[in-house]
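This is query-v6.csv. It holds CSV, C-alpha atoms.
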```
chain,number,residue,atom,x,y,z
P,1,MET,CA,27.0,21.8,-53.4
P,2,GLY,CA,26.6,25.0,-51.4
P,3,VAL,CA,25.0,25.7,-48.0
P,4,TYR,CA,23.7,29.2,-47.4
P,5,LEU,CA,22.7,30.4,-44.0
P,6,LEU,CA,19.9,32.9,-44.7
P,7,GLY,CA,19.3,33.8,-41.1
P,8,GLN,CA,20.1,32.7,-37.5
P,9,HIS,CA,19.1,34.4,-34.3
P,10,ARG,CA,20.1,33.3,-30.8
P,11,ILE,CA,19.0,34.5,-27.4
P,12,ASP,CA,20.9,33.5,-24.3
P,13,PHE,CA,19.4,34.1,-20.9
P,14,ALA,CA,20.0,33.6,-17.2
P,15,LEU,CA,17.6,34.2,-14.4
P,16,PHE,CA,17.3,33.8,-10.6
P,17,ASN,CA,21.0,34.1,-10.0
P,18,SER,CA,21.7,31.8,-13.0
P,19,ARG,CA,19.8,28.9,-11.5
P,20,LEU,CA,17.7,29.0,-14.7
P,21,ASN,CA,19.5,29.5,-17.9
P,22,GLY,CA,19.3,28.5,-21.5
P,23,SER,CA,19.2,29.6,-25.1
P,24,VAL,CA,16.8,29.9,-28.0
P,25,ASP,CA,18.0,29.5,-31.6
P,26,LEU,CA,16.1,30.3,-34.8
P,27,TYR,CA,17.6,29.4,-38.1
P,28,LYS,CA,16.9,29.1,-41.8
P,29,ASN,CA,19.4,27.7,-44.4
P,30,ILE,CA,19.3,26.7,-48.0
P,31,THR,CA,21.4,24.0,-49.7
P,32,LYS,CA,21.9,24.4,-53.5
P,33,ASP,CA,23.3,22.2,-56.3
P,34,LEU,CA,22.6,18.9,-54.5
P,35,LEU,CA,24.4,15.9,-55.9
P,36,MET,CA,21.5,13.6,-56.9
P,37,GLU,CA,21.4,10.2,-58.8
P,38,PHE,CA,19.0,10.0,-61.7
P,39,SER,CA,18.1,7.3,-64.2
P,40,ILE,CA,19.3,7.9,-67.7
P,41,MET,CA,18.9,6.0,-71.0
P,42,GLY,CA,21.1,5.4,-74.1
P,43,SER,CA,24.5,6.1,-72.5
P,44,GLY,CA,25.6,2.6,-71.4
P,45,TYR,CA,24.9,3.6,-67.8
P,46,ASN,CA,21.8,3.1,-65.7
P,47,THR,CA,22.2,6.3,-63.6
P,48,GLN,CA,24.1,9.5,-63.5
P,49,TYR,CA,24.8,12.1,-60.8
P,50,TRP,CA,23.7,15.6,-61.4
P,51,ASN,CA,24.2,18.8,-59.4
P,52,VAL,CA,20.6,20.0,-59.3
P,53,GLY,CA,18.1,20.8,-56.7
P,54,GLU,CA,17.6,23.0,-53.7
P,55,THR,CA,16.4,22.2,-50.2
P,56,GLN,CA,15.5,24.4,-47.3
P,57,ASN,CA,15.6,23.8,-43.5
P,58,LYS,CA,14.2,26.1,-40.9
P,59,GLY,CA,13.6,25.5,-37.3
P,60,LEU,CA,13.8,26.4,-33.6
P,61,GLU,CA,15.9,24.9,-30.9
P,62,ILE,CA,15.5,25.5,-27.2
P,63,SER,CA,17.8,24.5,-24.4
P,64,LEU,CA,17.1,24.9,-20.7
P,65,ASN,CA,19.0,24.2,-17.5
P,66,TYR,CA,17.5,24.6,-14.0
P,67,ASP,CA,19.1,24.0,-10.6
P,68,ALA,CA,16.0,23.3,-8.6
P,69,ILE,CA,17.9,22.6,-5.4
P,70,ARG,CA,21.5,23.7,-4.7
P,71,LYS,CA,22.6,22.6,-1.2
P,72,LYS,CA,25.9,21.3,0.3
P,73,ASP,CA,24.5,17.8,1.1
P,74,TYR,CA,21.8,17.5,-1.5
P,75,GLY,CA,20.8,18.9,-4.9
P,76,LEU,CA,18.6,18.5,-7.9
P,77,SER,CA,18.9,19.8,-11.4
P,78,PHE,CA,17.2,19.5,-14.8
P,79,SER,CA,18.3,20.1,-18.4
P,80,MET,CA,16.4,19.8,-21.6
P,81,VAL,CA,16.9,20.4,-25.4
P,82,VAL,CA,14.1,20.3,-27.9
P,83,GLY,CA,14.3,21.0,-31.6
P,84,PHE,CA,11.7,21.7,-34.3
P,85,ASN,CA,12.8,21.4,-37.9
P,86,LYS,CA,10.9,21.8,-41.2
P,87,ASN,CA,12.5,20.5,-44.3
P,88,ARG,CA,11.3,21.5,-47.8
P,89,ILE,CA,12.5,20.7,-51.4
P,90,ASN,CA,12.5,24.1,-53.2
P,91,ASP,CA,13.6,23.0,-56.6
P,92,LEU,CA,14.7,19.9,-58.6
P,93,GLY,CA,15.8,21.5,-61.8
P,94,SER,CA,14.0,20.2,-64.8
P,95,LEU,CA,12.1,17.7,-62.7
P,96,THR,CA,9.3,20.0,-61.9
P,97,ASN,CA,6.9,17.1,-61.0
P,98,GLY,CA,9.5,15.3,-58.9
P,99,TYR,CA,10.5,11.7,-59.2
P,100,SER,CA,9.8,8.4,-57.5
P,101,VAL,CA,12.4,6.2,-55.6
P,102,SER,CA,12.4,2.6,-54.7
P,103,THR,CA,14.0,1.5,-51.4
P,104,GLY,CA,14.5,-2.0,-52.9
P,105,TRP,CA,14.1,-3.9,-49.7
P,106,GLN,CA,12.0,-6.5,-51.7
P,107,ASN,CA,14.0,-6.1,-54.9
P,108,THR,CA,11.6,-4.9,-57.5
P,109,GLU,CA,8.3,-6.3,-56.1
P,110,VAL,CA,7.1,-3.2,-54.3
P,111,GLY,CA,8.3,-0.7,-56.8
P,112,ALA,CA,8.4,3.0,-56.1
P,113,ASP,CA,7.7,3.6,-52.4
P,114,TYR,CA,9.0,7.2,-51.8
P,115,LEU,CA,8.3,10.4,-53.8
P,116,VAL,CA,10.7,13.4,-54.0
P,117,MET,CA,8.7,16.5,-55.0
P,118,PRO,CA,9.2,20.3,-54.9
P,119,GLY,CA,7.1,21.8,-52.1
P,120,TYR,CA,7.3,18.7,-50.0
P,121,SER,CA,9.8,17.5,-47.4
P,122,ILE,CA,12.3,14.7,-48.0
P,123,GLY,CA,11.0,11.4,-46.6
P,124,GLN,CA,7.5,11.2,-48.2
P,125,MET,CA,6.3,7.6,-48.2
P,126,TYR,CA,4.3,6.6,-51.3
P,127,GLY,CA,1.9,3.7,-51.5
P,128,PHE,CA,-1.6,2.4,-51.4
P,129,ILE,CA,-4.3,3.2,-48.8
P,130,THR,CA,-5.5,0.1,-46.9
P,131,ASP,CA,-9.2,-0.5,-47.1
P,132,GLY,CA,-9.5,-3.6,-45.0
P,133,ARG,CA,-10.4,-6.8,-46.8
P,134,TYR,CA,-12.9,-8.1,-49.3
P,135,SER,CA,-16.0,-9.4,-47.6
P,136,VAL,CA,-18.4,-12.1,-48.9
P,137,ASP,CA,-20.9,-9.2,-49.5
P,138,ASP,CA,-18.5,-7.5,-52.0
P,139,PHE,CA,-19.2,-10.3,-54.5
P,140,GLU,CA,-22.1,-11.4,-56.7
P,141,GLY,CA,-20.9,-15.0,-56.1
P,142,TYR,CA,-18.6,-17.6,-57.5
P,143,ASP,CA,-19.2,-18.6,-61.1
P,144,GLY,CA,-17.2,-21.8,-61.0
P,145,THR,CA,-13.9,-20.3,-62.1
P,146,GLN,CA,-13.6,-17.0,-60.3
P,147,TRP,CA,-15.4,-14.6,-57.8
P,148,ILE,CA,-17.4,-11.9,-59.5
P,149,LEU,CA,-17.2,-8.4,-57.8
P,150,LYS,CA,-20.3,-6.4,-57.4
P,151,GLN,CA,-20.8,-3.1,-59.3
P,152,GLY,CA,-18.9,-0.3,-57.5
P,153,VAL,CA,-16.4,-2.5,-55.7
P,154,ALA,CA,-12.8,-1.7,-56.8
P,155,ASP,CA,-10.9,-4.5,-58.5
P,156,ALA,CA,-7.3,-4.8,-57.0
P,157,SER,CA,-6.2,-7.8,-59.2
P,158,ASP,CA,-3.6,-5.7,-60.9
P,159,VAL,CA,-1.8,-5.2,-57.6
P,160,ILE,CA,-2.5,-8.3,-55.5
P,161,GLY,CA,-3.2,-10.8,-58.3
P,162,ALA,CA,-6.5,-12.1,-59.9
P,163,ASP,CA,-6.5,-15.2,-57.7
P,164,ALA,CA,-6.3,-13.0,-54.5
P,165,VAL,CA,-9.4,-11.0,-55.4
P,166,ARG,CA,-11.9,-13.2,-53.4
P,167,PRO,CA,-13.4,-13.0,-50.0
P,168,GLY,CA,-10.7,-12.3,-47.4
P,169,GLY,CA,-8.3,-10.7,-49.9
P,170,LEU,CA,-6.5,-7.4,-49.2
P,171,LYS,CA,-8.6,-4.5,-50.2
P,172,LEU,CA,-7.1,-1.2,-51.4
P,173,LYS,CA,-8.7,2.2,-52.0
P,174,ASP,CA,-9.4,3.2,-55.6
P,175,LEU,CA,-8.4,6.9,-55.5
P,176,THR,CA,-8.9,7.5,-59.3
P,177,ASP,CA,-12.5,6.1,-59.0
P,178,ASP,CA,-12.2,4.1,-62.2
P,179,GLY,CA,-13.1,0.8,-60.7
P,180,MET,CA,-9.5,-0.6,-60.8
P,181,VAL,CA,-6.7,-0.3,-58.3
P,182,THR,CA,-3.5,0.3,-60.2
P,183,GLU,CA,-0.2,2.2,-59.7
P,184,GLU,CA,-2.1,5.4,-60.4
P,185,ASP,CA,-3.9,5.0,-57.0
P,186,LYS,CA,-0.6,5.3,-55.0
P,187,THR,CA,-0.4,8.5,-52.9
P,188,PHE,CA,1.4,10.0,-49.9
P,189,ILE,CA,0.8,7.7,-46.9
P,190,GLY,CA,3.6,8.7,-44.5
P,191,ASN,CA,6.2,11.2,-43.5
P,192,ALA,CA,9.5,10.2,-41.9
P,193,ASN,CA,10.1,13.6,-40.4
P,194,PRO,CA,9.3,14.2,-36.7
P,195,VAL,CA,7.4,17.3,-35.5
P,196,HIS,CA,10.1,17.6,-32.8
P,197,THR,CA,12.9,15.7,-31.2
P,198,GLY,CA,14.8,16.2,-28.0
P,199,GLY,CA,16.1,15.0,-24.7
P,200,PHE,CA,16.2,15.8,-21.0
P,201,THR,CA,18.4,14.9,-18.1
P,202,ILE,CA,17.6,14.7,-14.4
P,203,SER,CA,20.6,14.8,-12.0
P,204,GLY,CA,20.6,14.7,-8.2
P,205,TYR,CA,22.8,14.0,-5.2
P,206,ALA,CA,22.2,13.4,-1.5
P,207,LYS,CA,24.4,12.2,1.4
P,208,GLY,CA,27.0,10.6,-0.9
P,209,PHE,CA,24.5,9.1,-3.4
P,210,ASP,CA,24.2,10.5,-6.9
P,211,LEU,CA,21.8,9.9,-9.8
P,212,THR,CA,21.7,10.9,-13.4
P,213,ALA,CA,19.0,9.8,-15.9
P,214,ASN,CA,19.1,10.7,-19.5
P,215,PHE,CA,16.0,10.5,-21.7
P,216,THR,CA,15.6,11.1,-25.5
P,217,TRP,CA,12.4,11.4,-27.6
P,218,SER,CA,11.0,11.8,-31.0
P,219,TYR,CA,7.4,12.8,-31.8
P,220,GLY,CA,5.3,12.8,-35.0
P,221,ASN,CA,7.5,10.8,-37.4
P,222,ASP,CA,6.2,7.8,-39.3
P,223,ILE,CA,8.0,4.5,-39.8
P,224,TYR,CA,7.8,2.3,-42.9
P,225,ASN,CA,7.5,-1.2,-41.3
P,226,ALA,CA,8.7,-3.4,-44.1
P,227,ASP,CA,9.0,-6.4,-41.8
P,228,LYS,CA,5.3,-6.2,-41.2
P,229,ILE,CA,4.7,-6.6,-44.9
P,230,GLU,CA,7.2,-9.4,-45.4
P,231,PHE,CA,5.9,-11.6,-42.6
P,232,THR,CA,2.2,-11.2,-43.4
P,233,SER,CA,2.4,-12.4,-47.0
P,234,PRO,CA,4.1,-15.5,-48.4
P,235,THR,CA,4.1,-14.1,-52.0
P,236,LYS,CA,6.5,-16.4,-54.0
P,237,TYR,CA,7.6,-18.3,-50.9
P,238,GLN,CA,5.3,-21.2,-50.1
P,239,PHE,CA,6.7,-21.9,-46.7
P,240,ARG,CA,7.6,-18.4,-45.4
P,241,ASN,CA,7.1,-17.9,-41.6
P,242,MET,CA,4.2,-15.7,-40.7
P,243,SER,CA,4.1,-13.3,-37.7
P,244,THR,CA,1.6,-13.8,-35.0
P,245,ILE,CA,-0.6,-11.1,-36.6
P,246,MET,CA,-1.4,-13.8,-39.2
P,247,GLU,CA,-1.7,-16.8,-36.9
P,248,ALA,CA,-4.6,-19.2,-37.3
P,249,GLY,CA,-7.8,-17.8,-36.0
P,250,LYS,CA,-6.7,-14.2,-36.7
P,251,ARG,CA,-6.2,-14.4,-40.5
P,252,TRP,CA,-8.9,-15.0,-43.1
P,253,THR,CA,-8.6,-18.5,-44.5
P,254,ASN,CA,-10.0,-20.0,-47.7
P,255,LEU,CA,-9.0,-23.6,-46.9
P,256,SER,CA,-11.2,-26.2,-45.2
P,257,PRO,CA,-9.7,-28.3,-42.4
P,258,THR,CA,-9.0,-31.0,-45.0
P,259,GLY,CA,-7.0,-28.5,-47.1
P,260,GLU,CA,-9.5,-27.9,-49.9
P,261,ILE,CA,-10.3,-24.4,-51.2
P,262,VAL,CA,-13.8,-23.3,-50.1
P,263,ASN,CA,-15.9,-21.2,-52.5
P,264,ASP,CA,-19.2,-21.4,-50.7
P,265,ALA,CA,-20.1,-17.9,-49.4
P,266,ALA,CA,-22.0,-19.1,-46.3
P,267,GLU,CA,-19.3,-21.6,-45.4
P,268,LEU,CA,-16.5,-19.0,-45.8
P,269,ALA,CA,-18.4,-16.6,-43.5
P,270,ARG,CA,-18.8,-19.3,-40.9
P,271,MET,CA,-15.1,-20.4,-41.0
P,272,ASN,CA,-13.9,-16.8,-40.6
P,273,GLU,CA,-16.3,-15.5,-38.1
P,274,GLY,CA,-13.6,-14.3,-35.7
P,275,ALA,CA,-10.9,-13.3,-38.2
P,276,THR,CA,-9.5,-9.8,-37.9
P,277,MET,CA,-6.9,-9.9,-40.8
P,278,TRP,CA,-7.1,-10.5,-44.5
P,279,SER,CA,-5.8,-13.5,-46.3
P,280,PRO,CA,-1.9,-13.5,-46.6
P,281,PHE,CA,-2.2,-14.9,-50.2
P,282,MET,CA,-1.2,-12.4,-52.9
P,283,LYS,CA,1.1,-12.3,-55.9
P,284,LYS,CA,3.7,-9.8,-54.5
P,285,SER,CA,4.6,-7.6,-51.6
P,286,VAL,CA,2.5,-4.5,-51.4
P,287,PHE,CA,3.3,-1.2,-49.6
P,288,HIS,CA,0.1,0.1,-48.1
P,289,SER,CA,-0.8,2.4,-45.3
P,290,TRP,CA,-1.3,-0.4,-42.7
P,291,ALA,CA,2.5,-0.8,-42.7
P,292,VAL,CA,3.0,2.9,-41.8
P,293,GLU,CA,3.2,3.4,-38.1
P,294,ASP,CA,3.7,6.2,-35.6
P,295,GLY,CA,7.3,6.2,-34.6
P,296,SER,CA,7.1,8.5,-31.6
P,297,PHE,CA,9.0,7.3,-28.6
P,298,LEU,CA,10.4,8.2,-25.2
P,299,ARG,CA,13.6,6.3,-24.3
P,300,LEU,CA,15.5,6.1,-21.0
P,301,ASN,CA,19.0,6.1,-22.7
P,302,THR,CA,21.1,5.9,-19.6
P,303,LEU,CA,20.6,5.7,-15.8
P,304,THR,CA,23.6,6.0,-13.5
P,305,ILE,CA,23.3,5.5,-9.7
P,306,GLY,CA,26.5,6.0,-7.6
P,307,TYR,CA,27.6,6.1,-4.0
P,308,THR,CA,30.8,7.8,-2.8
P,309,LEU,CA,32.1,6.5,0.5
P,310,PRO,CA,32.7,9.2,3.2
P,311,LYS,CA,36.3,10.4,3.3
P,312,THR,CA,36.7,9.4,7.0
P,313,TRP,CA,36.1,5.8,5.9
P,314,VAL,CA,38.7,5.7,3.1
P,315,GLU,CA,41.5,8.0,4.4
P,316,LYS,CA,42.9,5.3,6.7
P,317,ALA,CA,43.6,3.2,3.5
P,318,HIS,CA,45.3,6.2,1.9
P,319,ILE,CA,42.5,6.6,-0.6
P,320,ASN,CA,41.4,10.0,-1.6
P,321,ASN,CA,38.0,9.1,-3.2
P,322,LEU,CA,36.1,5.8,-3.7
P,323,ARG,CA,32.9,5.7,-5.6
P,324,PHE,CA,30.8,2.7,-6.7
P,325,TYR,CA,28.3,3.0,-9.5
P,326,PHE,CA,25.8,1.2,-11.7
P,327,THR,CA,24.9,2.3,-15.2
P,328,GLY,CA,22.1,0.9,-17.3
P,329,SER,CA,21.6,1.7,-21.0
P,330,ASN,CA,18.4,1.5,-23.0
P,331,LEU,CA,16.4,0.5,-19.9
P,332,PHE,CA,13.0,1.1,-21.4
P,333,CYS,CA,11.4,2.6,-24.5
P,334,TRP,CA,7.8,3.9,-24.3
P,335,THR,CA,6.2,3.7,-27.8
P,336,SER,CA,3.2,2.4,-29.7
P,337,TYR,CA,5.4,1.1,-32.6
P,338,SER,CA,4.9,-2.6,-33.1
P,339,GLY,CA,8.5,-3.3,-34.4
P,340,PHE,CA,11.6,-4.1,-32.4
P,341,ASP,CA,12.8,-0.5,-32.1
P,342,PRO,CA,11.3,2.8,-33.3
P,343,GLU,CA,14.7,4.5,-33.6
P,344,VAL,CA,15.5,2.8,-37.0
P,345,ASN,CA,16.6,3.7,-40.5
P,346,THR,CA,17.8,0.7,-42.5
P,347,ARG,CA,17.8,1.8,-46.2
P,348,ARG,CA,20.6,4.4,-45.9
P,349,ASN,CA,22.1,4.0,-49.3
P,350,ASN,CA,19.7,6.6,-50.5
P,351,ARG,CA,19.3,9.8,-48.5
P,352,VAL,CA,15.7,10.4,-49.6
P,353,THR,CA,14.3,7.2,-48.2
P,354,PRO,CA,14.6,7.6,-44.4
P,355,GLY,CA,12.5,5.8,-41.7
P,356,VAL,CA,12.4,2.2,-43.2
P,357,ASP,CA,12.5,-0.7,-40.8
P,358,TYR,CA,13.7,-3.9,-42.6
P,359,SER,CA,15.5,-6.6,-40.7
P,360,ALA,CA,17.0,-4.2,-38.2
P,361,TYR,CA,18.5,-5.7,-35.1
P,362,PRO,CA,17.1,-4.1,-31.9
P,363,LYS,CA,19.2,-2.1,-29.6
P,364,SER,CA,20.8,-4.1,-26.8
P,365,ARG,CA,20.2,-3.4,-23.1
P,366,GLN,CA,23.4,-3.1,-21.1
P,367,TYR,CA,24.3,-3.1,-17.4
P,368,VAL,CA,27.7,-1.8,-16.1
P,369,PHE,CA,28.9,-2.0,-12.5
P,370,GLY,CA,32.2,-0.2,-11.7
P,371,LEU,CA,34.1,2.0,-9.3
P,372,ASN,CA,36.1,5.2,-9.4
P,373,LEU,CA,39.2,5.1,-7.2
P,374,SER,CA,41.8,7.9,-6.7
P,375,PHE,CA,44.7,7.9,-4.3
```
How would this structure read if it were set down as structure tokens?
Amino acid sequence: MGVYLLGQHRIDFALFNSRLNGSVDLYKNITKDLLMEFSIMGSGYNTQYWNVGETQNKGLEISLNYDAIRKKDYGLSFSMVVGFNKNRINDLGSLTNGYSVSTGWQNTEVGADYLVMPGYSIGQMYGFITDGRYSVDDFEGYDGTQWILKQGVADASDVIGADAVRPGGLKLKDLTDDGMVTEEDKTFIGNANPVHTGGFTISGYAKGFDLTANFTWSYGNDIYNADKIEFTSPTKYQFRNMSTIMEAGKRWTNLSPTGEIVNDAAELARMNEGATMWSPFMKKSVFHSWAVEDGSFLRLNTLTIGYTLPKTWVEKAHINNLRFYFTGSNLFCWTSYSGFDPEVNTRRNNRVTPGVDYSAYPKSRQYVFGLNLSF
């Protein structure tokens, strides 16, 4: 594997007696002869590593530092770094149409859920497009053995199972327009790459007190919320716990209060009048666009507040300096992501499947009290 830097330009600047300074970096590099794992047949092995492929990264990174106030007894300063990076697969050797990859979080149920293709970036999520749920109006009626779909309504039985194609079942878009939802209807539904990432720090001091707050962010990346899929469908597990998204009153139900399956259209409509979700019943786990979420976040990584005692107070005890401080880590995270933590990447055994959230443990919040003492 070789990495070639095609171009890098850097500008450093300082203004206003260096109170404002920073740098701007532009870069473009290409990585060739990537070591990639491919499926093979007839050799006694399932896979083999080949040196093929070429990827490209180009981007912009800006760093700024600003001393807003610089006095003896008080001061305030800001610093910031923001980076924009665009990744692209230039070549995959003989695989001109690319190849699909399975993250394997649900063994083989989900199948291929990422695509690696020339002209696209690494991290392209591949699945079905959610189209809500089947309504009573999507069917001609119940013929005594099964529900009959109306003309023009796509049949997703190949994906969710024949028994699940009934009022309340998960509905998926038929992109091939052939009346059936199959593997051919999978498409790009998410991108794990952010538009930009960065961080900024606010520092200040006044009359012995000091404060430092460090923030980090990511914007524009998608997260593959596998937990959301697992805990909204029992599939082969009869007694699997459901998340509150699927609690009674929110999910569509086909069971009467006595536990019998209801096949009367009017009765089903009445029973599910306030339901907002589809029925969890289906034959397997399905990756669809509903489980792809915006992973943008702003996190307060660390906050430190300190106080240094005046020297006239501590000199009598033969102490040169005494500072008490408090540091809090991961104090808050502002995000619209519904999972535990948007800063997640659990399927790391394959470098081309970033941004998956499956059974990840959330980051802990920590508090530290301490002192700095010098004699």
Determine, counting all atoms listed in the file, which protein, DNA and RNA residues have an atom within 7 Å of an atom of range 313-330 of chain P; residues of the same chain fewer than 2 positions away are not included. Present the result as a compact mmCIF listing (two decimals) with C-alpha atoms, keeping the file's coordinate frame.
```txt
# COMPACT_ATOMS: atom_id res chain seq x y z
CA ARG P 299 13.60 6.30 -24.30
CA LEU P 300 15.50 6.10 -21.00
CA ASN P 301 19.00 6.10 -22.70
CA THR P 302 21.10 5.90 -19.60
CA LEU P 303 20.60 5.70 -15.80
CA THR P 304 23.60 6.00 -13.50
CA ILE P 305 23.30 5.50 -9.70
CA GLY P 306 26.50 6.00 -7.60
CA TYR P 307 27.60 6.10 -4.00
CA THR P 308 30.80 7.80 -2.80
CA LEU P 309 32.10 6.50 0.50
CA PRO P 310 32.70 9.20 3.20
CA LYS P 311 36.30 10.40 3.30
CA PHE P 332 13.00 1.10 -21.40
CA ARG P 365 20.20 -3.40 -23.10
CA GLN P 366 23.40 -3.10 -21.10
CA TYR P 367 24.30 -3.10 -17.40
CA VAL P 368 27.70 -1.80 -16.10
CA PHE P 369 28.90 -2.00 -12.50
CA GLY P 370 32.20 -0.20 -11.70
CA LEU P 371 34.10 2.00 -9.30
CA ASN P 372 36.10 5.20 -9.40
CA LEU P 373 39.20 5.10 -7.20
CA SER P 374 41.80 7.90 -6.70
CA PHE P 375 44.70 7.90 -4.30
```
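Between CA of Thr145 in chain P and CA of Ala164 in chain P there is a distance of 13.0 Å.
Atom pair CA of Pro194 in chain P / CA of Leu115 in chain P: separated by 17.5 Å.
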Q: Between P:Asp227, P:Glu37, P:Glu184, P:Glu267, single out the one closest to Val292 in chain P, counting all atoms listed in the file.
A: P:Asp227
**Q.** Met36 in chain P environment, 7 Å, all atoms listed in the file, sequence neighbours closer than 3 positions dropped, as a PyMOL selection string
**A.** chain P and resi 49-52
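Interatomic distance, CA of Leu149 in chain P to CA of Pro280 in chain P: 19.6 Å.
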Q) Which polymer residues have any atom within 7 Å of an atom of Met277 in chain P, counting all atoms listed in the file, with same-chain residues fewer than 4 positions away left out, as a PyMOL selection string? A) chain P and resi 246+250-252
Please, which residues in range 158-258 of chain P fall within 9 Å of range 78-83 of chain P when counting only C-alpha atoms, and what is the closest atom pair and distance in Å to one decimal for each, ordered by chain then residue number, as a Markdown table?
```
| residue | atom | partner | partner_atom | distance |
| --- | --- | --- | --- | --- |
| P:Val195 | CA | P:Gly83 | CA | 8.7 |
| P:His196 | CA | P:Gly83 | CA | 5.5 |
| P:Thr197 | CA | P:Gly83 | CA | 5.5 |
| P:Gly198 | CA | P:Val82 | CA | 4.2 |
| P:Gly199 | CA | P:Val81 | CA | 5.5 |
| P:Phe200 | CA | P:Met80 | CA | 4.0 |
| P:Thr201 | CA | P:Ser79 | CA | 5.2 |
| P:Ile202 | CA | P:Phe78 | CA | 4.8 |
| P:Ser203 | CA | P:Phe78 | CA | 6.4 |
| P:Gly204 | CA | P:Phe78 | CA | 8.8 |
```
Residues from the last selection, C-alpha atoms, saved as a PDB file, in the coordinates of the input:
```pdb
ATOM      1  CA  VAL P 195       7.400  17.300 -35.500  1.00  0.00           C
ATOM      2  CA  HIS P 196      10.100  17.600 -32.800  1.00  0.00           C
ATOM      3  CA  THR P 197      12.900  15.700 -31.200  1.00  0.00           C
ATOM      4  CA  GLY P 198      14.800  16.200 -28.000  1.00  0.00           C
ATOM      5  CA  GLY P 199      16.100  15.000 -24.700  1.00  0.00           C
ATOM      6  CA  PHE P 200      16.200  15.800 -21.000  1.00  0.00           C
ATOM      7  CA  THR P 201      18.400  14.900 -18.100  1.00  0.00           C
ATOM      8  CA  ILE P 202      17.600  14.700 -14.400  1.00  0.00           C
ATOM      9  CA  SER P 203      20.600  14.800 -12.000  1.00  0.00           C
ATOM     10  CA  GLY P 204      20.600  14.700  -8.200  1.00  0.00           C
TER      11      GLY P 204
END
```
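Proximity to Phe128 in chain P was assessed for P:His288, P:Lys71, P:Lys171, P:Arg88 counting all atoms listed in the file; the smallest distance is recorded for P:His288.
With distances taken over all atoms listed in the file, P:Glu61 is the one residue among P:Glu61, P:Asp113, P:Asp210, P:Asp131 lying closest to Phe84 in chain P.
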